[in-house]
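A quick write-up on the structure given underneath.
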Amino acid sequence: MAEMRFAGSFTQQEPIPEEGISAALELLRTGRLHRYNTVPGETSLTARLEAAYAEWQGAKYCLALASGGQAMQIALRACGVRPGDKVLSNAFTLAPVPGAVAAVGAETVLVEITEDLVIDLDDLAAKARASGAGHLLLSNMRGHLCDMDRLMRVAKECGLTVIEDCAHTMGAKWNGRRSGNFGAMGCFSTQTYKHMNSGEGGFLTSDDPELMARAIIMSGSYMLYERHGAAPAAEAFERIRLETPNMSARMDNLRAAILLPQLDWLDDAIARWNALHDRMAERLATLPGVALPHRPEPELYVGSSIQFRLPGLGGDAARQLVAEAAARGVELKWFGASEPAGFTSNHGSWRYLREQSLPRTDAVLSTLFDMRLPLTFTPADCDAIAHHLDAALAALRSPEGAA
């Protein structure tokens, strides 16, 4: 009898908490979905969310936005990136990161990565000096943190302003300090597949009052900036409010309604994600040929996905592994493909960028596979997935499947 396929969904998130559903329904009955549409004396749900997230993050200021991509674009503009400027970013990332740089008219200079999937700090220093770039948009891709202490030393030596893309590291820490609190601004996403789910949405955090004042005006606050939940004092806006363009990137109250209770559960969710990640990593480590990225001791990660490499695997065999796994119900993403597929792509597909030589990154990505770990999975699901991956790898090794 044929073996049963894995039946779990790699994209099925947990339901929105009942408190969020109730708050959303109550809001819908009022019709006041816009963040500034309040009655006298009322604090909007979006402003409440900003205050709550700033406190949880340990940041002075927080701005709720329509997406994580908008958070990055506004952060770049607020930090002074202008058309034609060069912005450094690690080459292993997703398309919205170089897309944000392109959206402000700047040029992305890609930095090599290591086999542990983090930015190569030696290449960063070399390219910072060679390019004259003044900004780094650091992508903590798939939840992997580099040595953030050393990165900030390199940034200081090279005169780089650091903006952190924390779409995959909400709640992660390096030496006890939260991801997003190292650079000038931290960018977060609440898109469905991230750590809080509002469909689309994002946060921008900072401790710098001038940067946040610019960001709030850019987000589309008009002159209603005092209605924000974690904003600088009014005097920070005095000059900025008249010289900063409105870009209408606000979060609305409906998304805030469903996010507020999720924030209360976030620490518990992180613990459950890491339990799944560690179970999956333990199983993958026993499979022949599988190499897992090293997680350094100072890193507290959020394991909502897992990555592994198969060094020496050729392109045909990589494509076959994806197909073999899919036939068994296991959804793998391969970052070495020459064509983008769904959310997955690499720098070779971003034709709006200047072509760049990244041999070390290409060598890593050519054997790199990625898998989501939604909280709807159980430890038994991790065991079943590993079993199916073992069978898929065995099929590659068979004489009929050898590529």
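Here's how to read the names in the structure tokens: chain A, B, ... by the order shown, residue numbers from 1 in each chain, ligand numbers from 1 in the order shown.
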| request: For Phe343 of chain A, please output as JSON, numbers by chain all residues within 9 Å (counting only C-alpha atoms; exclusion window: fewer than 2 positions along the same chain). | output: {"A": [94, 95, 340, 341, 345]}
- request: Would you kindly return, as a list of chain:residue names, each protein, DNA or RNA residue with an atom no farther than 12 Å from any atom of Arg351 of chain A, considering only C-alpha atoms and excluding same-chain residues fewer than 3 positions away?
  value: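 Answer for this query is A:Ala95, A:Pro98, A:Gly99, A:Ala102, A:Thr108, A:Glu339, A:Pro340, A:Ser345, A:Asn346, A:His347, A:Gly348, A:Arg354, A:Glu355, A:Gln356.
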For the structure I just gave you, how does DSSP split segment 137-188 of chain A - specifically, which residues are helix (DSSP H, G or I)? Reply as a PDB file with C-alpha atoms, in the first residue's frame.
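The new file states_21.pdb reads:
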ATOM      1  CA  MET A 141      16.353  37.150   6.539  1.00  0.00           C
ATOM      2  CA  ARG A 142      14.428  34.104   7.722  1.00  0.00           C
ATOM      3  CA  GLY A 143      15.107  35.084  11.328  1.00  0.00           C
ATOM      4  CA  MET A 148      24.961  42.573  15.884  1.00  0.00           C
ATOM      5  CA  ASP A 149      27.613  44.005  18.190  1.00  0.00           C
ATOM      6  CA  ARG A 150      30.294  43.616  15.536  1.00  0.00           C
ATOM      7  CA  LEU A 151      27.943  44.869  12.815  1.00  0.00           C
ATOM      8  CA  MET A 152      27.340  48.085  14.712  1.00  0.00           C
ATOM      9  CA  ARG A 153      31.100  48.541  15.163  1.00  0.00           C
ATOM     10  CA  VAL A 154      31.591  48.122  11.397  1.00  0.00           C
ATOM     11  CA  ALA A 155      28.758  50.584  10.762  1.00  0.00           C
ATOM     12  CA  LYS A 156      30.340  53.172  13.054  1.00  0.00           C
ATOM     13  CA  GLU A 157      33.770  52.737  11.460  1.00  0.00           C
ATOM     14  CA  CYS A 158      32.297  53.082   7.951  1.00  0.00           C
TER      15      CYS A 158
END
message: I need the residue nearest Leu358 of chain A from this list: A:Val109, A:Ala395, A:Thr378, A:Arg239. Use only C-alpha atoms for the distance.
response: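 Under the stated criterion, the closest residue is A:Val109.
Backbone DSSP assigns strand (DSSP E) in segment 67-166 of chain A to Lys86, Val87, Leu88, Ser89, Asn90, Glu107, Thr108, Val109, Leu110, Val111, His135, Leu136, Leu137, Leu138, Ser139, Thr161, Val162, Ile163, Glu164 and Asp165 of chain A.
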Identify which of the residues A:Asp120, A:Gly69, A:Pro293, A:Tyr61 lies closest to Ala231 of chain A, counting only C-alpha atoms when measuring atom-to-atom distances.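 Among A:Asp120, A:Gly69, A:Pro293, A:Tyr61, it is A:Tyr61 that comes nearest to Ala231 of chain A.
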Exercise for the section: Compile the contact shell of Leu204 of chain A as a ChimeraX atom specification: residues with an atom at most 6 Å away, counting only C-alpha atoms, same-chain residues fewer than 3 positions apart removed. Expected result: /A:62-63,71,186-187
Keeping C-alpha atoms, export the residues of the selection given above as a PDB file, in the first residue's frame.
ATOM      1  CA  CYS A  62       6.338  53.357  17.306  1.00  0.00           C
ATOM      2  CA  LEU A  63       4.401  54.073  14.120  1.00  0.00           C
ATOM      3  CA  ALA A  71       7.917  50.826   6.966  1.00  0.00           C
ATOM      4  CA  GLY A 186      13.481  49.048  13.072  1.00  0.00           C
ATOM      5  CA  CYS A 187      10.953  47.839  10.489  1.00  0.00           C
TER       6      CYS A 187
END
Quick one: residues within 7 Å of Gly134 of chain A, only C-alpha atoms counted, chain neighbours fewer than 4 positions away excluded, as a PyMOL selection string? chain A and resi 87+159-161
Output for the residues just chosen: N, CA and C atoms as a short mmCIF file (atom, residue, chain, number, x, y, z; two decimals), in the first residue's frame:
data_model
loop_
_atom_site.label_atom_id
_atom_site.label_comp_id
_atom_site.auth_asym_id
_atom_site.auth_seq_id
_atom_site.Cartn_x
_atom_site.Cartn_y
_atom_site.Cartn_z
N VAL A 87 22.64 52.23 -1.26
CA VAL A 87 22.21 51.63 0.00
C VAL A 87 22.68 50.18 0.01
N GLY A 159 30.80 54.79 8.86
CA GLY A 159 29.85 55.90 8.75
C GLY A 159 28.50 55.51 8.19
N LEU A 160 28.02 54.30 8.54
CA LEU A 160 26.76 53.80 8.02
C LEU A 160 25.62 54.03 9.01
N THR A 161 24.51 54.53 8.52
CA THR A 161 23.26 54.54 9.28
C THR A 161 22.57 53.20 9.04
#
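When only C-alpha atoms are used to compute distances to Thr38 of chain A, the closest of the residues A:Thr190, A:Asn274, A:Asn253, A:Ser338 turns out to be A:Asn253.
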| message | Need the shell around Arg272 of chain A: protein/DNA/RNA residues with any atom at most 12 Å away, counting only C-alpha atoms. Skip same-chain ones fewer than 4 positions apart. Format as a ChimeraX atom specification? | response | /A:195,265-268,276-279,301-304,373-379
Output the selection as a PDB file, in the first residue's frame - N, CA and C atoms for each residue.
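Okay, this is what ended up in selection-v1.pdb:
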ATOM      1  N   HIS A 195       4.878  37.158  12.378  1.00  0.00           N
ATOM      2  CA  HIS A 195       4.653  36.709  13.749  1.00  0.00           C
ATOM      3  C   HIS A 195       3.375  37.258  14.372  1.00  0.00           C
ATOM      4  N   TRP A 265      -0.257  37.650  23.244  1.00  0.00           N
ATOM      5  CA  TRP A 265       0.094  36.234  23.132  1.00  0.00           C
ATOM      6  C   TRP A 265       1.466  36.022  22.485  1.00  0.00           C
ATOM      7  N   LEU A 266       2.147  37.089  22.110  1.00  0.00           N
ATOM      8  CA  LEU A 266       3.321  36.946  21.251  1.00  0.00           C
ATOM      9  C   LEU A 266       4.457  36.182  21.925  1.00  0.00           C
ATOM     10  N   ASP A 267       4.722  36.443  23.187  1.00  0.00           N
ATOM     11  CA  ASP A 267       5.819  35.734  23.860  1.00  0.00           C
ATOM     12  C   ASP A 267       5.545  34.228  23.912  1.00  0.00           C
ATOM     13  N   ASP A 268       4.290  33.861  24.161  1.00  0.00           N
ATOM     14  CA  ASP A 268       3.924  32.442  24.156  1.00  0.00           C
ATOM     15  C   ASP A 268       4.076  31.851  22.753  1.00  0.00           C
ATOM     16  N   LEU A 276       8.875  24.037  17.990  1.00  0.00           N
ATOM     17  CA  LEU A 276       8.719  23.362  16.694  1.00  0.00           C
ATOM     18  C   LEU A 276      10.031  23.400  15.902  1.00  0.00           C
ATOM     19  N   HIS A 277      10.651  24.576  15.863  1.00  0.00           N
ATOM     20  CA  HIS A 277      11.906  24.728  15.123  1.00  0.00           C
ATOM     21  C   HIS A 277      12.963  23.760  15.646  1.00  0.00           C
ATOM     22  N   ASP A 278      13.107  23.692  16.960  1.00  0.00           N
ATOM     23  CA  ASP A 278      14.156  22.855  17.533  1.00  0.00           C
ATOM     24  C   ASP A 278      13.864  21.377  17.301  1.00  0.00           C
ATOM     25  N   ARG A 279      12.599  20.998  17.349  1.00  0.00           N
ATOM     26  CA  ARG A 279      12.235  19.604  17.047  1.00  0.00           C
ATOM     27  C   ARG A 279      12.575  19.284  15.596  1.00  0.00           C
ATOM     28  N   TYR A 301      16.415  33.387  18.809  1.00  0.00           N
ATOM     29  CA  TYR A 301      15.742  33.474  17.513  1.00  0.00           C
ATOM     30  C   TYR A 301      14.248  33.245  17.659  1.00  0.00           C
ATOM     31  N   VAL A 302      13.519  33.479  16.576  1.00  0.00           N
ATOM     32  CA  VAL A 302      12.105  33.151  16.485  1.00  0.00           C
ATOM     33  C   VAL A 302      11.975  32.187  15.307  1.00  0.00           C
ATOM     34  N   GLY A 303      11.766  30.895  15.610  1.00  0.00           N
ATOM     35  CA  GLY A 303      11.861  29.856  14.587  1.00  0.00           C
ATOM     36  C   GLY A 303      10.577  29.587  13.844  1.00  0.00           C
ATOM     37  N   SER A 304      10.021  30.586  13.165  1.00  0.00           N
ATOM     38  CA  SER A 304       8.784  30.384  12.415  1.00  0.00           C
ATOM     39  C   SER A 304       9.027  29.749  11.052  1.00  0.00           C
ATOM     40  N   LEU A 373       7.101  26.908   9.264  1.00  0.00           N
ATOM     41  CA  LEU A 373       6.652  26.112  10.406  1.00  0.00           C
ATOM     42  C   LEU A 373       5.502  26.846  11.097  1.00  0.00           C
ATOM     43  N   PRO A 374       4.305  26.780  10.552  1.00  0.00           N
ATOM     44  CA  PRO A 374       3.185  27.491  11.188  1.00  0.00           C
ATOM     45  C   PRO A 374       2.833  26.879  12.536  1.00  0.00           C
ATOM     46  N   LEU A 375       2.222  27.676  13.396  1.00  0.00           N
ATOM     47  CA  LEU A 375       1.866  27.203  14.734  1.00  0.00           C
ATOM     48  C   LEU A 375       0.727  26.193  14.716  1.00  0.00           C
ATOM     49  N   THR A 376       0.140  25.956  13.556  1.00  0.00           N
ATOM     50  CA  THR A 376      -0.857  24.890  13.434  1.00  0.00           C
ATOM     51  C   THR A 376      -0.196  23.517  13.346  1.00  0.00           C
ATOM     52  N   PHE A 377       1.149  23.464  13.205  1.00  0.00           N
ATOM     53  CA  PHE A 377       1.876  22.201  13.228  1.00  0.00           C
ATOM     54  C   PHE A 377       2.057  21.729  14.678  1.00  0.00           C
ATOM     55  N   THR A 378       2.310  20.436  14.820  1.00  0.00           N
ATOM     56  CA  THR A 378       2.593  19.819  16.113  1.00  0.00           C
ATOM     57  C   THR A 378       3.980  19.175  16.058  1.00  0.00           C
ATOM     58  N   PRO A 379       4.551  18.808  17.209  1.00  0.00           N
ATOM     59  CA  PRO A 379       5.816  18.068  17.168  1.00  0.00           C
ATOM     60  C   PRO A 379       5.724  16.796  16.336  1.00  0.00           C
TER      61      PRO A 379
END
**Item:** Within 12 Å of Pro17 of chain A using only C-alpha atoms, minus same-chain residues under 4 positions, as a ChimeraX atom specification
**Value:** /A:13,21-24,196-198,257-266
Could you take the residues named above and write them with N, CA and C atoms, as a PDB file, in the first residue's frame?
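Saved result, selection-v7.pdb, follows:
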ATOM      1  N   GLN A  13      -2.381  29.493   9.132  1.00  0.00           N
ATOM      2  CA  GLN A  13      -2.083  30.159  10.399  1.00  0.00           C
ATOM      3  C   GLN A  13      -3.158  29.846  11.444  1.00  0.00           C
ATOM      4  N   ILE A  21     -11.547  39.299  17.182  1.00  0.00           N
ATOM      5  CA  ILE A  21     -12.757  39.210  16.348  1.00  0.00           C
ATOM      6  C   ILE A  21     -13.869  40.073  16.944  1.00  0.00           C
ATOM      7  N   SER A  22     -14.036  39.992  18.262  1.00  0.00           N
ATOM      8  CA  SER A  22     -15.074  40.804  18.924  1.00  0.00           C
ATOM      9  C   SER A  22     -14.787  42.290  18.767  1.00  0.00           C
ATOM     10  N   ALA A  23     -13.509  42.678  18.956  1.00  0.00           N
ATOM     11  CA  ALA A  23     -13.147  44.091  18.821  1.00  0.00           C
ATOM     12  C   ALA A  23     -13.356  44.573  17.396  1.00  0.00           C
ATOM     13  N   ALA A  24     -13.063  43.720  16.420  1.00  0.00           N
ATOM     14  CA  ALA A  24     -13.257  44.096  15.012  1.00  0.00           C
ATOM     15  C   ALA A  24     -14.738  44.291  14.701  1.00  0.00           C
ATOM     16  N   MET A 196       2.822  38.308  13.787  1.00  0.00           N
ATOM     17  CA  MET A 196       1.476  38.770  14.102  1.00  0.00           C
ATOM     18  C   MET A 196       0.756  38.918  12.768  1.00  0.00           C
ATOM     19  N   ASN A 197      -0.539  38.677  12.743  1.00  0.00           N
ATOM     20  CA  ASN A 197      -1.269  38.531  11.487  1.00  0.00           C
ATOM     21  C   ASN A 197      -2.406  39.540  11.367  1.00  0.00           C
ATOM     22  N   SER A 198      -2.225  40.516  10.466  1.00  0.00           N
ATOM     23  CA  SER A 198      -3.331  41.417  10.130  1.00  0.00           C
ATOM     24  C   SER A 198      -3.572  41.432   8.623  1.00  0.00           C
ATOM     25  N   ALA A 257      -7.344  46.402  15.690  1.00  0.00           N
ATOM     26  CA  ALA A 257      -8.251  45.649  16.555  1.00  0.00           C
ATOM     27  C   ALA A 257      -7.854  44.180  16.640  1.00  0.00           C
ATOM     28  N   ILE A 258      -7.437  43.603  15.510  1.00  0.00           N
ATOM     29  CA  ILE A 258      -7.099  42.181  15.531  1.00  0.00           C
ATOM     30  C   ILE A 258      -5.657  41.933  15.970  1.00  0.00           C
ATOM     31  N   LEU A 259      -4.827  42.982  15.953  1.00  0.00           N
ATOM     32  CA  LEU A 259      -3.431  42.823  16.383  1.00  0.00           C
ATOM     33  C   LEU A 259      -3.248  42.971  17.885  1.00  0.00           C
ATOM     34  N   LEU A 260      -4.037  43.819  18.524  1.00  0.00           N
ATOM     35  CA  LEU A 260      -3.830  44.076  19.957  1.00  0.00           C
ATOM     36  C   LEU A 260      -3.834  42.802  20.798  1.00  0.00           C
ATOM     37  N   PRO A 261      -4.809  41.903  20.659  1.00  0.00           N
ATOM     38  CA  PRO A 261      -4.746  40.690  21.482  1.00  0.00           C
ATOM     39  C   PRO A 261      -3.626  39.746  21.072  1.00  0.00           C
ATOM     40  N   GLN A 262      -3.200  39.795  19.810  1.00  0.00           N
ATOM     41  CA  GLN A 262      -2.076  38.950  19.387  1.00  0.00           C
ATOM     42  C   GLN A 262      -0.778  39.369  20.074  1.00  0.00           C
ATOM     43  N   LEU A 263      -0.638  40.654  20.340  1.00  0.00           N
ATOM     44  CA  LEU A 263       0.551  41.119  21.044  1.00  0.00           C
ATOM     45  C   LEU A 263       0.618  40.523  22.448  1.00  0.00           C
ATOM     46  N   ASP A 264      -0.543  40.373  23.086  1.00  0.00           N
ATOM     47  CA  ASP A 264      -0.574  39.767  24.420  1.00  0.00           C
ATOM     48  C   ASP A 264      -0.087  38.318  24.394  1.00  0.00           C
ATOM     49  N   TRP A 265      -0.257  37.650  23.244  1.00  0.00           N
ATOM     50  CA  TRP A 265       0.094  36.234  23.132  1.00  0.00           C
ATOM     51  C   TRP A 265       1.466  36.022  22.485  1.00  0.00           C
ATOM     52  N   LEU A 266       2.147  37.089  22.110  1.00  0.00           N
ATOM     53  CA  LEU A 266       3.321  36.946  21.251  1.00  0.00           C
ATOM     54  C   LEU A 266       4.457  36.182  21.925  1.00  0.00           C
TER      55      LEU A 266
END
task: Choose the residue, out of A:Glu299, A:Asp316, A:Glu200, A:Glu55, that has the smallest atom-to-atom separation from His144 of chain A; count only C-alpha atoms.
output: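 Smallest distance to His144 of chain A is found for A:Glu299.
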Selection: 10 Å around Ala326 of chain A, only C-alpha atoms, excl. self and same-chain fewer than 5 positions, as JSON, numbers by chain: {"A": [5, 6, 320, 321, 331, 332, 388, 389, 392]}
For the selection you just gave me, I'd like the residues written to a file as a PDB file, in the first residue's frame, keeping C-alpha atoms.
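File selection.pdb, as written:
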ATOM      1  CA  ARG A   5       1.266  11.904   2.140  1.00  0.00           C
ATOM      2  CA  PHE A   6       1.775  14.592   4.775  1.00  0.00           C
ATOM      3  CA  GLN A 320      13.954  16.979  -8.169  1.00  0.00           C
ATOM      4  CA  LEU A 321      14.084  17.180  -4.375  1.00  0.00           C
ATOM      5  CA  GLU A 331       6.397  22.205   0.669  1.00  0.00           C
ATOM      6  CA  LEU A 332      10.028  23.228   0.179  1.00  0.00           C
ATOM      7  CA  HIS A 388       9.058  12.309   4.216  1.00  0.00           C
ATOM      8  CA  LEU A 389      12.185  14.373   3.546  1.00  0.00           C
ATOM      9  CA  ALA A 392      12.655  12.189  -0.790  1.00  0.00           C
TER      10      ALA A 392
END
Between A:Met212, A:Ala256, A:Ala318, A:Leu287, smallest distance to Leu45 of chain A by only C-alpha atoms belongs to A:Ala256
Closest of A:Val330, A:Val364, A:Ala281, A:Ala184 to Gly314 of chain A, counting only C-alpha atoms, is A:Val364
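Between atom CA of Ala213 of chain A and atom CA of His228 of chain A there is a distance of 10.7 Å.
Relative to atom CA of Phe182 of chain A, atom CA of Gly58 of chain A is found at 11.4 Å.
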